[in-house]
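**Student:** The following file, run-v6.txt, comprises compact mmCIF, C-alpha atoms:
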# COMPACT_ATOMS: atom_id res chain seq x y z
CA MET R 1 -24.86 11.75 -13.97
CA LYS R 2 -21.73 13.88 -14.21
CA LYS R 3 -22.61 15.55 -10.89
CA LEU R 4 -23.02 12.17 -9.20
CA PHE R 5 -19.65 11.02 -10.54
CA ALA R 6 -17.99 14.23 -9.33
CA VAL R 7 -19.51 13.83 -5.84
CA LEU R 8 -18.36 10.19 -5.63
CA LEU R 9 -14.86 11.16 -6.74
CA VAL R 10 -14.64 13.89 -4.10
CA LEU R 11 -15.85 11.49 -1.40
CA ALA R 12 -13.22 8.92 -2.41
CA VAL R 13 -10.45 11.52 -2.17
CA VAL R 14 -11.68 12.76 1.23
CA PHE R 15 -11.87 9.21 2.60
CA THR R 16 -8.31 8.51 1.46
CA CYS R 17 -7.06 11.67 3.19
CA PHE R 18 -8.58 10.55 6.51
CA ALA R 19 -6.93 7.13 6.42
CA ALA R 20 -3.42 8.09 5.28
CA CYS R 21 -1.15 10.99 4.43
CA GLY R 22 0.99 11.14 1.32
CA GLY R 23 4.70 11.48 1.85
CA ASN R 24 7.08 13.81 0.14
CA LYS R 25 9.19 11.04 -1.38
CA ALA R 26 8.08 8.76 -4.18
CA THR R 27 9.04 5.13 -4.29
CA ASP R 28 11.36 3.94 -6.99
CA GLY R 29 9.36 0.81 -7.67
CA ASN R 30 11.37 -1.42 -5.32
CA ALA R 31 8.97 -1.12 -2.41
CA GLN R 32 7.56 -4.35 -0.98
CA ASP R 33 4.04 -5.03 -2.21
CA SER R 34 1.34 -4.72 0.43
CA VAL R 35 -0.03 -7.93 1.87
CA SER R 36 -3.81 -7.78 1.82
CA ASP R 37 -5.98 -9.05 4.65
CA GLU R 38 -7.51 -11.59 2.29
CA GLN R 39 -4.31 -12.90 0.72
CA THR R 40 -4.11 -16.67 0.82
CA THR R 41 -1.91 -19.00 -1.12
CA SER R 42 -0.86 -22.61 -1.10
CA ALA R 43 2.57 -21.78 -2.55
CA PRO R 44 5.49 -21.06 -0.21
CA VAL R 45 5.60 -17.42 0.84
CA TYR R 46 8.83 -15.46 0.68
CA ASN R 47 9.18 -13.18 3.69
CA PRO R 48 11.90 -10.64 2.91
CA PRO R 49 14.13 -9.62 5.80
CA PHE R 50 13.87 -6.14 7.24
CA PRO R 51 17.28 -4.83 6.13
CA ASP R 52 20.11 -4.23 8.60
CA PHE R 53 20.18 -0.79 10.19
CA THR R 54 21.59 1.13 13.14
CA SER R 55 19.88 4.11 14.70
CA LYS R 56 18.83 5.68 17.98
CA THR R 57 15.55 5.82 19.83
CA ILE R 58 13.99 9.22 20.38
CA ASP R 59 15.40 9.10 23.93
CA GLY R 60 18.94 8.46 22.67
CA LYS R 61 19.44 4.69 23.05
CA ASP R 62 21.22 2.69 20.35
CA VAL R 63 19.05 0.30 18.36
CA ASP R 64 19.43 -2.01 15.36
CA GLN R 65 17.58 -4.86 13.67
CA GLN R 66 18.23 -7.08 16.72
CA VAL R 67 15.24 -5.31 18.29
CA PHE R 68 12.98 -7.84 16.53
CA LYS R 69 14.60 -10.98 18.03
CA ASN R 70 12.94 -10.90 21.45
CA ASN R 71 9.35 -10.84 20.21
CA LYS R 72 7.14 -13.26 18.32
CA LEU R 73 5.80 -10.28 16.36
CA THR R 74 6.83 -6.63 16.12
CA MET R 75 4.50 -4.01 14.70
CA VAL R 76 6.59 -1.22 13.14
CA ASN R 77 4.48 1.88 12.55
CA ILE R 78 6.16 4.49 10.36
CA TRP R 79 4.57 7.86 11.00
CA GLY R 80 5.06 11.57 10.40
CA THR R 81 4.55 14.61 12.61
CA PHE R 82 2.48 16.23 9.82
CA CYS R 83 0.10 13.27 9.51
CA GLY R 84 -3.25 13.54 11.32
CA PRO R 85 -4.26 9.88 10.81
CA CYS R 86 -0.85 8.80 12.19
CA ILE R 87 -1.28 10.85 15.35
CA ASN R 88 -4.93 9.88 15.80
CA GLU R 89 -4.14 6.15 15.85
CA MET R 90 -1.23 6.45 18.32
CA PRO R 91 -3.40 6.00 21.47
CA ASP R 92 -4.76 2.77 19.95
CA LEU R 93 -1.20 1.61 19.19
CA GLU R 94 -0.25 2.36 22.81
CA LYS R 95 -3.18 0.23 24.01
CA LEU R 96 -2.11 -2.55 21.63
CA SER R 97 1.45 -2.39 22.97
CA ARG R 98 0.18 -2.88 26.52
CA ASP R 99 -2.52 -5.47 25.76
CA TYR R 100 -0.31 -7.70 23.59
CA ALA R 101 3.01 -7.47 25.48
CA ASP R 102 2.38 -10.74 27.32
CA LYS R 103 1.66 -12.46 23.99
CA GLY R 104 5.11 -11.68 22.60
CA VAL R 105 4.02 -8.70 20.51
CA SER R 106 5.69 -5.30 20.61
CA VAL R 107 4.95 -2.00 18.92
CA ILE R 108 7.67 0.30 17.60
CA GLY R 109 7.20 3.69 16.00
CA ILE R 110 9.56 5.27 13.50
CA VAL R 111 9.09 9.02 13.14
CA ALA R 112 10.14 9.34 9.52
CA ASP R 113 9.91 13.06 8.78
CA VAL R 114 12.53 14.37 11.23
CA TYR R 115 15.45 13.47 8.95
CA ASP R 116 17.10 16.30 7.00
CA TYR R 117 18.32 14.75 3.76
CA ILE R 118 20.47 17.75 2.87
CA LYS R 119 22.41 17.70 6.15
CA SER R 120 22.14 13.90 6.59
CA GLU R 121 21.03 14.32 10.19
CA ASN R 122 17.87 14.64 12.22
CA ASN R 123 16.32 18.08 12.70
CA ALA R 124 16.19 19.11 16.38
CA ASP R 125 13.00 21.19 15.96
CA LYS R 126 11.17 18.30 14.32
CA ILE R 127 12.41 15.89 17.01
CA LYS R 128 10.94 18.27 19.63
CA LYS R 129 7.63 18.26 17.74
CA ALA R 130 7.69 14.44 17.67
CA GLU R 131 8.45 14.33 21.42
CA ASP R 132 5.48 16.63 22.08
CA ILE R 133 3.18 14.42 19.99
CA ILE R 134 4.41 11.31 21.79
CA ALA R 135 3.77 12.95 25.17
CA ASP R 136 0.34 14.31 24.14
CA THR R 137 -0.84 10.91 22.87
CA GLY R 138 0.45 9.03 25.94
CA VAL R 139 2.77 6.80 23.92
CA THR R 140 5.33 4.79 25.89
CA TYR R 141 6.35 2.27 23.23
CA MET R 142 9.75 2.68 21.56
CA ASN R 143 10.07 5.32 18.86
CA ILE R 144 13.10 5.27 16.58
CA LEU R 145 14.66 8.21 14.77
CA PRO R 146 15.71 7.84 11.15
CA SER R 147 19.37 7.31 10.33
CA ALA R 148 21.19 7.06 7.02
CA SER R 149 21.16 3.24 7.24
CA LEU R 150 17.48 3.09 8.26
CA ASN R 151 16.54 5.42 5.41
CA GLU R 152 18.49 3.30 2.96
CA ALA R 153 17.12 0.07 4.43
CA ARG R 154 13.43 0.92 4.33
CA LEU R 155 12.30 4.53 4.76
CA ASP R 156 13.35 5.67 1.29
CA TYR R 157 10.60 3.43 -0.08
CA ILE R 158 7.77 4.90 2.00
CA SER R 159 5.46 7.33 0.22
CA THR R 160 2.34 7.10 2.39
CA PHE R 161 1.99 7.57 6.14
CA PRO R 162 1.32 5.68 8.23
CA THR R 163 2.86 2.55 6.78
CA THR R 164 2.99 -0.42 9.12
CA TYR R 165 5.16 -3.51 8.85
CA PHE R 166 4.85 -6.70 10.86
CA ILE R 167 8.19 -8.36 11.55
CA ASN R 168 8.67 -11.84 12.99
CA GLU R 169 11.41 -12.90 15.42
CA LYS R 170 13.66 -13.80 12.49
CA GLY R 171 13.52 -10.19 11.29
CA GLU R 172 11.35 -11.09 8.28
CA ILE R 173 8.59 -8.82 7.00
CA ILE R 174 5.40 -10.87 7.17
CA GLY R 175 2.90 -8.07 6.55
CA GLU R 176 2.68 -4.51 5.25
CA TYR R 177 -0.32 -2.21 5.65
CA ILE R 178 -0.90 1.29 4.34
CA GLY R 179 -3.05 3.75 6.30
CA SER R 180 -4.34 3.99 9.84
CA ARG R 181 -6.69 1.53 11.53
CA THR R 182 -8.63 1.25 14.75
CA TYR R 183 -7.61 -0.79 17.78
CA ARG R 184 -10.18 -3.41 16.80
CA ASP R 185 -8.89 -3.67 13.22
CA TRP R 186 -5.26 -3.97 14.31
CA SER R 187 -6.09 -6.51 17.02
CA THR R 188 -7.88 -8.69 14.44
CA ILE R 189 -4.79 -8.58 12.20
CA ILE R 190 -2.42 -9.30 15.12
CA ASP R 191 -4.58 -12.16 16.45
CA ARG R 192 -4.52 -13.82 13.05
CA MET R 193 -0.74 -13.38 12.71
CA ILE R 194 0.14 -14.80 16.12
CA SER R 195 -2.21 -17.75 15.68
CA ASP R 196 -0.62 -18.82 12.36
In structure tokens, what does this structure look like?

**Tutor:**
Amino acid sequence: MKKLFAVLLVLAVVFTCFAACGGNKATDGNAQDSVSDEQTTSAPVYNPPFPDFTSKTIDGKDVDQQVFKNNKLTMVNIWGTFCGPCINEMPDLEKLSRDYADKGVSVIGIVADVYDYIKSENNADKIKKAEDIIADTGVTYMNILPSASLNEARLDYISTFPTTYFINEKGEIIGEYIGSRTYRDWSTIIDRMISD
């Protein structure tokens, strides 16, 4: 019986590693609770705003929270260059960005691990690694670099990669998901969100 329990425990740990990567920063308990696929309620739902931020895209363009205004739904995928599940799902996210663009849905990546907290700036070598990953996976959707305000606004609360937020046109967080998913899984989630 002990051997069976040990085998099941090992399998659970291995499965978790394939779906998500742990970060190097712990949350302080203020992180937004995840919204489960099955969550339903008759009470009014509070959708917290994605906090104000300013930053730059990986190709140097200025960006802030106004990026959410032009879309019915924005999928914000926070990923790391060290995270296999993050990189493996990027081609599916690219396909989603193309397939759902005419439905008012956009995909944005935030490459979270390029920020050097000691120097309070992004690390050029890690940005190059992120650029190589983006090129290798064929990603054309916007990718944002961390900034002090973006870290303070949201990234400081991320401890698992990938973490994905869904933001409506008002800039409100209407969903949070931990771990990677397939194109089919994400499209089911997106279809439900845009039909509500």

**Student:** When you count all atoms listed in the file, which of these residues is closest to Tyr183 (chain R): R:Lys126, R:Arg98, R:Lys72, R:Lys103?

**Tutor:**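 Answer, going by the shortest atom-to-atom distance: R:Arg98.
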
**Student:** Rounded to one decimal in Å, what is the spacing between CA of Leu150 (chain R) and CA of Val63 (chain R)?

**Tutor:**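 Taking CA of Leu150 (chain R) and CA of Val63 (chain R), their separation equals 10.6 Å.
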
**Student:** Point out the residue among R:Ile87, R:Gly109, R:Ser55, R:Phe50 with the least atom-to-atom distance to Thr140 (chain R), counting only C-alpha atoms.

**Tutor:**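 That would be R:Gly109, the residue with the smallest distance to Thr140 (chain R).
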
**Student:** What does the distance from CA of Ser180 (chain R) to CA of Ile133 (chain R) come to in Å, to one decimal?

**Tutor:** 16.4 Å

**Student:** If we count all atoms listed in the file, what is near Ile189 (chain R) at a cut-off of 12 Å, once residues fewer than 4 positions away on the same chain are taken out, given as an MDAnalysis selection string?

**Tutor:** chainID R and resid 35:38 73 75 96 164:166 174:177 181:185 193:196

**Student:** With all atoms listed in the file as the atoms that count, which of R:Val67, R:Leu145, R:Cys86, R:Cys21 lies nearest to Ile127 (chain R)?

**Tutor:** R:Leu145
